[in-house]
file target_32.json (JSON, C-alpha atoms and all ligand atoms)
[["chain", "number", "residue", "atom", "x", "y", "z"],
["A", 1, "MET", "CA", 2.48, 24.89, -4.90],
["A", 2, "ALA", "CA", -0.14, 22.30, -4.03],
["A", 3, "LYS", "CA", -2.82, 21.82, -6.65],
["A", 4, "LEU", "CA", -6.10, 19.92, -6.34],
["A", 5, "HIS", "CA", -7.49, 17.72, -9.11],
["A", 6, "GLU", "CA", -10.96, 16.33, -9.73],
["A", 7, "SER", "CA", -9.93, 12.69, -9.90],
["A", 8, "VAL", "CA", -7.26, 10.12, -10.74],
["A", 9, "THR", "CA", -7.31, 10.98, -14.44],
["A", 10, "PRO", "CA", -6.02, 8.71, -17.23],
["A", 11, "GLU", "CA", -2.87, 10.87, -17.25],
["A", 12, "PHE", "CA", -2.29, 10.20, -13.54],
["A", 13, "ARG", "CA", -3.04, 6.51, -14.09],
["A", 14, "GLU", "CA", -0.31, 6.32, -16.73],
["A", 15, "TRP", "CA", 2.18, 8.22, -14.58],
["A", 16, "ILE", "CA", 1.42, 6.05, -11.53],
["A", 17, "ALA", "CA", 2.00, 2.90, -13.61],
["A", 18, "ALA", "CA", 5.47, 4.18, -14.52],
["A", 19, "GLN", "CA", 6.55, 4.73, -10.88],
["A", 20, "LYS", "CA", 8.56, 2.01, -9.20],
["A", 21, "LEU", "CA", 7.81, 2.97, -5.63],
["A", 22, "PHE", "CA", 5.06, 4.53, -3.56],
["A", 23, "PHE", "CA", 4.60, 5.31, 0.10],
["A", 24, "VAL", "CA", 1.56, 4.61, 2.27],
["A", 25, "ALA", "CA", 0.86, 6.66, 5.38],
["A", 26, "SER", "CA", -1.66, 6.08, 8.13],
["A", 27, "ALA", "CA", -2.03, 6.85, 11.81],
["A", 28, "PRO", "CA", -4.01, 5.81, 14.85],
["A", 29, "LEU", "CA", -6.35, 8.35, 16.45],
["A", 30, "GLY", "CA", -4.59, 8.42, 19.81],
["A", 31, "ALA", "CA", -2.23, 11.37, 20.27],
["A", 32, "GLU", "CA", 0.43, 9.03, 21.66],
["A", 33, "GLY", "CA", 0.12, 6.59, 18.76],
["A", 34, "HIS", "CA", 2.81, 6.06, 16.15],
["A", 35, "VAL", "CA", 2.31, 7.55, 12.67],
["A", 36, "ASN", "CA", 3.31, 4.96, 10.06],
["A", 37, "VAL", "CA", 4.81, 5.39, 6.63],
["A", 38, "SER", "CA", 5.78, 2.35, 4.53],
["A", 39, "PRO", "CA", 7.59, 2.09, 1.18],
["A", 40, "LYS", "CA", 6.05, -0.28, -1.37],
["A", 41, "GLY", "CA", 7.80, -1.64, -4.44],
["A", 42, "HIS", "CA", 7.01, -4.46, -6.92],
["A", 43, "ASP", "CA", 4.15, -4.32, -9.41],
["A", 44, "CYS", "CA", 1.48, -4.37, -6.72],
["A", 45, "LEU", "CA", -0.67, -1.30, -7.34],
["A", 46, "ARG", "CA", -3.69, -0.88, -9.59],
["A", 47, "VAL", "CA", -5.84, 2.16, -10.38],
["A", 48, "LEU", "CA", -9.36, 0.70, -10.36],
["A", 49, "ASP", "CA", -11.19, 3.84, -11.47],
["A", 50, "GLU", "CA", -10.91, 7.61, -11.17],
["A", 51, "ARG", "CA", -11.68, 7.49, -7.44],
["A", 52, "THR", "CA", -10.23, 4.16, -6.38],
["A", 53, "VAL", "CA", -6.75, 2.66, -6.21],
["A", 54, "ALA", "CA", -5.65, -0.57, -4.52],
["A", 55, "TYR", "CA", -2.46, -2.44, -3.75],
["A", 56, "LEU", "CA", -1.66, -6.03, -3.01],
["A", 57, "ASP", "CA", -0.06, -6.00, 0.44],
["A", 58, "LEU", "CA", 2.67, -8.52, 1.18],
["A", 59, "THR", "CA", 3.42, -10.12, 4.53],
["A", 60, "GLY", "CA", 5.94, -8.26, 6.63],
["A", 61, "SER", "CA", 6.92, -8.06, 10.25],
["A", 62, "GLY", "CA", 4.29, -5.40, 10.94],
["A", 63, "ASN", "CA", 0.70, -4.66, 9.85],
["A", 64, "GLU", "CA", 0.29, -0.98, 10.65],
["A", 65, "THR", "CA", -1.75, 0.32, 7.70],
["A", 66, "SER", "CA", -4.37, -2.37, 8.14],
["A", 67, "ALA", "CA", -4.79, -1.70, 11.87],
["A", 68, "HIS", "CA", -5.11, 2.05, 11.33],
["A", 69, "ILE", "CA", -7.69, 1.61, 8.56],
["A", 70, "ALA", "CA", -9.73, -0.68, 10.80],
["A", 71, "GLU", "CA", -9.65, 1.93, 13.55],
["A", 72, "ASN", "CA", -10.30, 5.14, 11.67],
["A", 73, "GLY", "CA", -10.22, 4.61, 7.89],
["A", 74, "ARG", "CA", -7.62, 7.26, 7.04],
["A", 75, "ILE", "CA", -4.99, 6.51, 4.41],
["A", 76, "THR", "CA", -2.71, 8.52, 2.14],
["A", 77, "LEU", "CA", -0.67, 7.18, -0.77],
["A", 78, "MET", "CA", 2.22, 9.22, -2.12],
["A", 79, "TRP", "CA", 4.35, 8.94, -5.23],
["A", 80, "CYS", "CA", 7.23, 11.17, -6.24],
["A", 81, "ALA", "CA", 9.04, 11.27, -9.56],
["A", 82, "PHE", "CA", 12.64, 10.07, -9.27],
["A", 83, "GLU", "CA", 13.09, 10.35, -13.04],
["A", 84, "GLY", "CA", 11.70, 12.79, -15.63],
["A", 85, "PRO", "CA", 9.71, 15.94, -14.78],
["A", 86, "PRO", "CA", 9.26, 16.58, -11.06],
["A", 87, "ARG", "CA", 5.92, 15.72, -9.45],
["A", 88, "ILE", "CA", 4.56, 14.61, -6.11],
["A", 89, "LEU", "CA", 1.10, 13.05, -6.06],
["A", 90, "ARG", "CA", -0.83, 12.45, -2.88],
["A", 91, "LEU", "CA", -4.10, 10.50, -2.82],
["A", 92, "TYR", "CA", -5.91, 11.05, 0.47],
["A", 93, "GLY", "CA", -8.81, 8.78, 1.16],
["A", 94, "ARG", "CA", -10.63, 6.16, 3.16],
["A", 95, "GLY", "CA", -9.12, 2.72, 3.31],
["A", 96, "GLU", "CA", -10.65, -0.70, 2.96],
["A", 97, "VAL", "CA", -8.87, -3.91, 3.93],
["A", 98, "VAL", "CA", -9.75, -6.94, 1.79],
["A", 99, "LEU", "CA", -8.78, -10.33, 3.19],
["A", 100, "PRO", "CA", -8.27, -13.53, 1.18],
["A", 101, "GLY", "CA", -11.39, -15.68, 1.12],
["A", 102, "SER", "CA", -13.86, -12.79, 1.05],
["A", 103, "GLN", "CA", -16.27, -11.95, -1.76],
["A", 104, "ARG", "CA", -14.36, -8.71, -2.31],
["A", 105, "TRP", "CA", -11.10, -10.68, -2.62],
["A", 106, "ALA", "CA", -12.66, -12.83, -5.35],
["A", 107, "GLU", "CA", -13.62, -9.65, -7.15],
["A", 108, "LEU", "CA", -10.32, -7.75, -6.80],
["A", 109, "SER", "CA", -7.56, -10.36, -6.65],
["A", 110, "PRO", "CA", -7.72, -11.25, -10.39],
["A", 111, "LEU", "CA", -6.54, -7.70, -11.10],
["A", 112, "PHE", "CA", -3.18, -8.44, -9.50],
["A", 113, "GLU", "CA", -0.31, -10.73, -10.21],
["A", 114, "MET", "CA", -0.31, -12.84, -7.03],
["A", 115, "LEU", "CA", 3.06, -12.45, -5.32],
["A", 116, "PRO", "CA", 4.49, -14.78, -2.68],
["A", 117, "GLY", "CA", 3.46, -13.63, 0.79],
["A", 118, "ALA", "CA", 0.27, -11.86, -0.38],
["A", 119, "ARG", "CA", -1.54, -10.92, 2.83],
["A", 120, "GLN", "CA", -4.42, -8.60, 1.91],
["A", 121, "ILE", "CA", -5.50, -5.96, -0.57],
["A", 122, "VAL", "CA", -5.59, -2.38, 0.64],
["A", 123, "VAL", "CA", -8.08, -0.17, -1.21],
["A", 124, "ASN", "CA", -7.97, 3.62, -1.10],
["A", 125, "HIS", "CA", -11.33, 5.27, -1.83],
["A", 126, "VAL", "CA", -9.83, 8.56, -2.88],
["A", 127, "GLU", "CA", -11.30, 11.80, -1.52],
["A", 128, "ARG", "CA", -8.57, 14.28, -2.39],
["A", 129, "VAL", "CA", -6.14, 14.27, -5.32],
["A", 130, "GLN", "CA", -3.27, 16.66, -4.79],
["A", 131, "THR", "CA", -0.04, 17.34, -6.64],
["A", 132, "SER", "CA", 2.88, 19.49, -5.65],
["A", 133, "CYS", "CA", 6.14, 20.39, -7.31],
["A", 134, "GLY", "CA", 8.73, 17.85, -6.14],
["A", 135, "PHE", "CA", 11.64, 20.13, -6.97],
["A", 136, "ALA", "CA", 13.61, 18.90, -3.95],
["A", 137, "VAL", "CA", 13.27, 15.19, -4.75],
["A", 138, "PRO", "CA", 16.58, 13.79, -6.06],
["A", 139, "LEU", "CA", 16.92, 12.25, -9.50],
["A", 140, "LEU", "CA", 17.53, 8.53, -9.02],
["A", 141, "GLU", "CA", 18.07, 5.84, -11.59],
["A", 142, "TYR", "CA", 16.03, 2.66, -11.22],
["A", 143, "ARG", "CA", 18.04, -0.56, -11.33],
["A", 144, "GLU", "CA", 15.93, -3.52, -10.25],
["A", 145, "GLU", "CA", 13.51, -4.96, -7.70],
["A", 146, "ARG", "CA", 14.96, -6.66, -4.65],
["A", 147, "PRO", "CA", 14.09, -10.35, -4.58],
["A", 148, "THR", "CA", 14.44, -10.48, -0.77],
["A", 149, "LEU", "CA", 10.82, -10.26, 0.37],
["A", 150, "GLN", "CA", 9.63, -12.90, -2.07],
["A", 151, "ARG", "CA", 12.54, -15.18, -1.20],
["A", 152, "PHE", "CA", 11.62, -14.77, 2.44],
["A", 153, "ALA", "CA", 7.98, -15.75, 1.74],
["A", 154, "LEU", "CA", 8.93, -18.70, -0.45],
["A", 155, "SER", "CA", 11.45, -20.00, 2.08],
["A", 156, "LYS", "CA", 8.79, -20.04, 4.82],
["A", 157, "GLY", "CA", 6.17, -21.71, 2.62],
["A", 158, "GLU", "CA", 2.36, -21.29, 2.86],
["A", 159, "ASP", "CA", 1.97, -22.80, 6.33],
["A", 160, "GLY", "CA", 5.02, -20.98, 7.60],
["A", 161, "MET", "CA", 3.59, -17.67, 6.43],
["A", 162, "VAL", "CA", 0.25, -18.32, 8.15],
["A", 163, "GLU", "CA", 2.16, -18.99, 11.37],
["A", 164, "TYR", "CA", 4.30, -15.88, 10.83],
["A", 165, "ARG", "CA", 1.19, -13.72, 10.40],
["A", 166, "ARG", "CA", -0.44, -15.30, 13.45],
["A", 167, "GLU", "CA", 2.59, -14.33, 15.48],
["A", 168, "LYS", "CA", 3.34, -10.88, 14.07],
["A", 169, "ASN", "CA", 0.39, -9.38, 12.19],
["A", 170, "GLN", "CA", -2.54, -9.38, 14.60],
["A", 171, "ALA", "CA", -1.95, -5.95, 16.10],
["A", 172, "SER", "CA", -0.19, -2.67, 15.35],
["A", 173, "ILE", "CA", 2.81, -1.55, 17.37],
["A", 174, "ASP", "CA", 0.36, 0.45, 19.52],
["A", 175, "GLY", "CA", -1.76, -2.64, 20.12],
["A", 176, "LEU", "CA", -4.65, -1.88, 17.74],
["A", 177, "PRO", "CA", -6.17, -5.07, 16.29],
["A", 178, "THR", "CA", -5.87, -5.75, 12.56],
["A", 179, "PRO", "CA", -8.70, -7.27, 10.47],
["A", 180, "LEU", "CA", -6.43, -10.31, 10.02],
["A", 181, "ALA", "CA", -6.64, -10.99, 13.77],
["A", 182, "ALA", "CA", -10.30, -12.05, 13.42],
["A", 183, "THR", "CA", -9.25, -14.90, 11.10],
["A", 184, "PHE", "CA", -7.21, -16.45, 13.94],
["A", 185, "GLU", "CA", -10.02, -16.37, 16.50],
["A", 186, "ASP", "CA", -11.34, -19.77, 17.55],
["B", 201, "LIG", "C1", 11.72, -9.74, 4.79],
["B", 201, "LIG", "C2", 10.89, -8.52, 5.04],
["B", 201, "LIG", "C3", 10.83, -7.52, 4.07],
["B", 201, "LIG", "C4", 10.03, -6.39, 4.25],
["B", 201, "LIG", "N1", 9.96, -5.45, 3.27],
["B", 201, "LIG", "C5", 9.07, -4.41, 3.38],
["B", 201, "LIG", "C6", 8.87, -3.48, 2.33],
["B", 201, "LIG", "O1", 9.50, -3.54, 1.25],
["B", 201, "LIG", "N2", 7.97, -2.48, 2.51],
["B", 201, "LIG", "C7", 7.26, -2.37, 3.67],
["B", 201, "LIG", "O2", 6.43, -1.47, 3.82],
["B", 201, "LIG", "N3", 7.44, -3.23, 4.67],
["B", 201, "LIG", "C8", 8.33, -4.23, 4.56],
["B", 201, "LIG", "N4", 8.48, -5.12, 5.59],
["B", 201, "LIG", "C9", 7.64, -4.97, 6.79],
["B", 201, "LIG", "C10", 7.84, -3.69, 7.57],
["B", 201, "LIG", "O3", 8.89, -3.88, 8.40],
["B", 201, "LIG", "C11", 6.59, -3.15, 8.32],
["B", 201, "LIG", "O4", 6.51, -3.74, 9.55],
["B", 201, "LIG", "C12", 5.24, -3.33, 7.73],
["B", 201, "LIG", "O5", 5.32, -3.19, 6.39],
["B", 201, "LIG", "C13", 4.21, -2.37, 8.39],
["B", 201, "LIG", "O6", 3.67, -1.50, 7.54],
["B", 201, "LIG", "P1", 2.39, -1.74, 6.60],
["B", 201, "LIG", "O7", 1.28, -2.21, 7.45],
["B", 201, "LIG", "O8", 2.17, -0.40, 6.04],
["B", 201, "LIG", "O9", 2.82, -2.75, 5.59],
["B", 201, "LIG", "C14", 9.30, -6.24, 5.43],
["B", 201, "LIG", "C15", 9.38, -7.23, 6.41],
["B", 201, "LIG", "C16", 10.16, -8.36, 6.23],
["B", 201, "LIG", "C17", 10.19, -9.41, 7.31]]

call {"tool": "encode", "arguments": {"input": "target_32.json", "output": "structure tokens"}}
result
Amino acid sequence: MAKLHESVTPEFREWIAAQKLFFVASAPLGAEGHVNVSPKGHDCLRVLDERTVAYLDLTGSGNETSAHIAENGRITLMWCAFEGPPRILRLYGRGEVVLPGSQRWAELSPLFEMLPGARQIVVNHVERVQTSCGFAVPLLEYREERPTLQRFALSKGEDGMVEYRREKNQASIDGLPTPLAATFED
């Protein structure tokens, strides 16, 4: 059964830190728009306080979450236990996109280990903390992180990644602009 909690408690913080994977969901407002869900690995997520979590977002072929946040602010993060006692945790909130070079970036980026391909920080200002049972989630054993995304970023190099983002990250698949798009205007 779903259960609501006051905040991201120290116990949740510890449990979140032990998870190897989370999912981020967002959607455009338009009824025809595509609902996105993305899996995120690597040590990229930090609990900032009992109402705020953030992750370092790495460059990929799409930029859906960012575009949806810019349009309507909605974001949900979800973790589920693949080992140990079952649990699903959903943090529903309002998103904030933090781009490199901003004052906010200077404030938040030291909290993360900078990974190759870092593109932005996505902050979730949490409004609803909800757990549910997770009894139907399989037990899986963690082996290792894939090196593929970082290899991809390193092989392209800094300039190559800027070019890649210019080409692929300025709009969502439904054509909504991303905050990153403004950095290419001139
Ligand atoms: C080499 C490579 C690796 C990728 N790996 C991931 C990944 O692990 N997780 C992910 O969400 N997206 C990954 N992507 C990008 C996705 O395909 C997706 O377009 C993008 O993440 C959009 O969702 P987001 O805005 O929520 O990140 C990868 C893209 C490339 C080119």

call {"tool": "closest_residue", "arguments": {"input": "target_32.json", "among": "A:Thr178, A:Gln19, A:Thr148, A:Thr52", "to": "Asn72 of chain A", "atoms": "all atoms listed in the file"}}
result
A:Thr178

call {"tool": "closest_residue", "arguments": {"input": "target_32.json", "among": "A:Gly117, A:Pro85, A:Gly93, A:Gly33", "to": "ligand LIG 201 (chain B)", "atoms": "only C-alpha atoms and all ligand atoms"}}
result
A:Gly117

call {"tool": "closest_residue", "arguments": {"input": "target_32.json", "among": "A:His125, A:Lys168, A:Arg143, A:Arg87", "to": "ligand LIG 201 (chain B)", "atoms": "only C-alpha atoms and all ligand atoms"}}
result
A:Lys168

call {"tool": "axis_aligned_box", "arguments": {"input": "target_32.json", "around": "ligand LIG 201 (chain B)", "padding_each_side": "4 Å", "output": "AutoDock Vina command-line options"}}
result
--center_x 6.5 --center_y -5.1 --center_z 5.4 --size_x 18.4 --size_y 17.3 --size_z 16.3

call {"tool": "atom_distance", "arguments": {"input": "target_32.json", "atom1": "atom CA of Leu139 of chain A", "atom2": "atom CA of Ala81 of chain A"}}
result
7.9 Å

call {"tool": "atom_distance", "arguments": {"input": "target_32.json", "atom1": "atom O6 of ligand LIG 201 (chain B)", "atom2": "atom CA of Arg166 of chain A"}}
result
15.6 Å

call {"tool": "closest_residue", "arguments": {"input": "target_32.json", "among": "A:Ile16, A:Met114, A:Val98, A:Ala27", "to": "Ala67 of chain A", "atoms": "all atoms listed in the file"}}
result
A:Ala27

call {"tool": "closest_atom_pairs", "arguments": {"input": "target_32.json", "of": "chain A", "to": "ligand LIG 201 (chain B)", "cutoff": "6 Å", "atoms": "all atoms listed in the file", "output": "CSV"}}
result
residue,atom,partner,partner_atom,distance
A:Ser38,CA,B:LIG201,O2,3.9
A:Pro39,CA,B:LIG201,O2,4.6
A:Lys40,CA,B:LIG201,N2,4.9
A:Gly60,CA,B:LIG201,C15,3.6
A:Ser61,CA,B:LIG201,O4,4.4
A:Gly62,CA,B:LIG201,O4,3.1
A:Asn63,CA,B:LIG201,O7,3.5
A:Glu64,CA,B:LIG201,O7,3.6
A:Thr65,CA,B:LIG201,O7,4.0
A:Ser66,CA,B:LIG201,O7,5.7
A:Leu149,CA,B:LIG201,C1,4.5
A:Phe152,CA,B:LIG201,C1,5.6

call {"tool": "atom_distance", "arguments": {"input": "target_32.json", "atom1": "atom CA of Ala118 of chain A", "atom2": "atom CA of Leu89 of chain A"}}
result
25.6 Å

call {"tool": "closest_residue", "arguments": {"input": "target_32.json", "among": "A:Leu176, A:Leu48, A:Ile88, A:Leu77", "to": "Leu29 of chain A", "atoms": "only C-alpha atoms"}}
result
A:Leu176

call {"tool": "residues_near_point", "arguments": {"input": "target_32.json", "point": "(4.4, 6.6, 15.0)", "cutoff": "12 Å", "atoms": "all atoms listed in the file", "output": "ChimeraX atom specification"}}
result
/A:25-38,64-65,68,172-174

call {"tool": "closest_residue", "arguments": {"input": "target_32.json", "among": "A:Pro116, A:Gln130, A:Pro110, A:Tyr55", "to": "Ser155 of chain A", "atoms": "all atoms listed in the file"}}
result
A:Pro116

call {"tool": "residues_around", "arguments": {"input": "target_32.json", "residues": "Thr9 of chain A", "least_positions_apart": "4", "cutoff": "12 Å", "atoms": "only C-alpha atoms", "output": "VMD selection string"}}
result
chain A and resid 5 13 to 16 47 to 53 129 to 130

call {"tool": "write_last_selection", "arguments": {"input": "target_32.json", "atoms": "C-alpha atoms", "output": "PDB file, in the coordinates of the input"}}
result
ATOM      1  CA  HIS A   5      -7.490  17.720  -9.110  1.00  0.00           C
ATOM      2  CA  ARG A  13      -3.040   6.510 -14.090  1.00  0.00           C
ATOM      3  CA  GLU A  14      -0.310   6.320 -16.730  1.00  0.00           C
ATOM      4  CA  TRP A  15       2.180   8.220 -14.580  1.00  0.00           C
ATOM      5  CA  ILE A  16       1.420   6.050 -11.530  1.00  0.00           C
ATOM      6  CA  VAL A  47      -5.840   2.160 -10.380  1.00  0.00           C
ATOM      7  CA  LEU A  48      -9.360   0.700 -10.360  1.00  0.00           C
ATOM      8  CA  ASP A  49     -11.190   3.840 -11.470  1.00  0.00           C
ATOM      9  CA  GLU A  50     -10.910   7.610 -11.170  1.00  0.00           C
ATOM     10  CA  ARG A  51     -11.680   7.490  -7.440  1.00  0.00           C
ATOM     11  CA  THR A  52     -10.230   4.160  -6.380  1.00  0.00           C
ATOM     12  CA  VAL A  53      -6.750   2.660  -6.210  1.00  0.00           C
ATOM     13  CA  VAL A 129      -6.140  14.270  -5.320  1.00  0.00           C
ATOM     14  CA  GLN A 130      -3.270  16.660  -4.790  1.00  0.00           C
TER      15      GLN A 130
END

call {"tool": "build_atoms", "arguments": {"input": "target_32.json", "residues": "segment 64-75 of chain A", "atoms": "N, CA and C atoms", "output": "PDB file, in the coordinates of the input"}}
result
ATOM      1  N   GLU A  64       0.737  -2.279  10.129  1.00  0.00           N
ATOM      2  CA  GLU A  64       0.290  -0.980  10.650  1.00  0.00           C
ATOM      3  C   GLU A  64      -0.882  -0.392   9.866  1.00  0.00           C
ATOM      4  N   THR A  65      -0.731  -0.335   8.535  1.00  0.00           N
ATOM      5  CA  THR A  65      -1.750   0.320   7.700  1.00  0.00           C
ATOM      6  C   THR A  65      -3.121  -0.298   7.950  1.00  0.00           C
ATOM      7  N   SER A  66      -3.135  -1.633   7.966  1.00  0.00           N
ATOM      8  CA  SER A  66      -4.370  -2.370   8.140  1.00  0.00           C
ATOM      9  C   SER A  66      -5.038  -2.047   9.477  1.00  0.00           C
ATOM     10  N   ALA A  67      -4.249  -1.996  10.534  1.00  0.00           N
ATOM     11  CA  ALA A  67      -4.790  -1.700  11.870  1.00  0.00           C
ATOM     12  C   ALA A  67      -5.348  -0.278  11.922  1.00  0.00           C
ATOM     13  N   HIS A  68      -4.643   0.661  11.299  1.00  0.00           N
ATOM     14  CA  HIS A  68      -5.110   2.050  11.330  1.00  0.00           C
ATOM     15  C   HIS A  68      -6.387   2.224  10.510  1.00  0.00           C
ATOM     16  N   ILE A  69      -6.463   1.540   9.379  1.00  0.00           N
ATOM     17  CA  ILE A  69      -7.690   1.610   8.560  1.00  0.00           C
ATOM     18  C   ILE A  69      -8.863   1.050   9.360  1.00  0.00           C
ATOM     19  N   ALA A  70      -8.636  -0.081  10.019  1.00  0.00           N
ATOM     20  CA  ALA A  70      -9.730  -0.680  10.800  1.00  0.00           C
ATOM     21  C   ALA A  70     -10.188   0.275  11.899  1.00  0.00           C
ATOM     22  N   GLU A  71      -9.262   1.029  12.471  1.00  0.00           N
ATOM     23  CA  GLU A  71      -9.650   1.930  13.550  1.00  0.00           C
ATOM     24  C   GLU A  71     -10.347   3.192  13.058  1.00  0.00           C
ATOM     25  N   ASN A  72      -9.787   3.808  12.021  1.00  0.00           N
ATOM     26  CA  ASN A  72     -10.300   5.140  11.670  1.00  0.00           C
ATOM     27  C   ASN A  72     -10.425   5.421  10.166  1.00  0.00           C
ATOM     28  N   GLY A  73      -9.986   4.490   9.335  1.00  0.00           N
ATOM     29  CA  GLY A  73     -10.220   4.610   7.890  1.00  0.00           C
ATOM     30  C   GLY A  73      -9.251   5.485   7.116  1.00  0.00           C
ATOM     31  N   ARG A  74      -8.440   6.287   7.792  1.00  0.00           N
ATOM     32  CA  ARG A  74      -7.620   7.260   7.040  1.00  0.00           C
ATOM     33  C   ARG A  74      -6.410   6.608   6.376  1.00  0.00           C
ATOM     34  N   ILE A  75      -6.159   7.018   5.141  1.00  0.00           N
ATOM     35  CA  ILE A  75      -4.990   6.510   4.410  1.00  0.00           C
ATOM     36  C   ILE A  75      -4.550   7.567   3.391  1.00  0.00           C
TER      37      ILE A  75
END
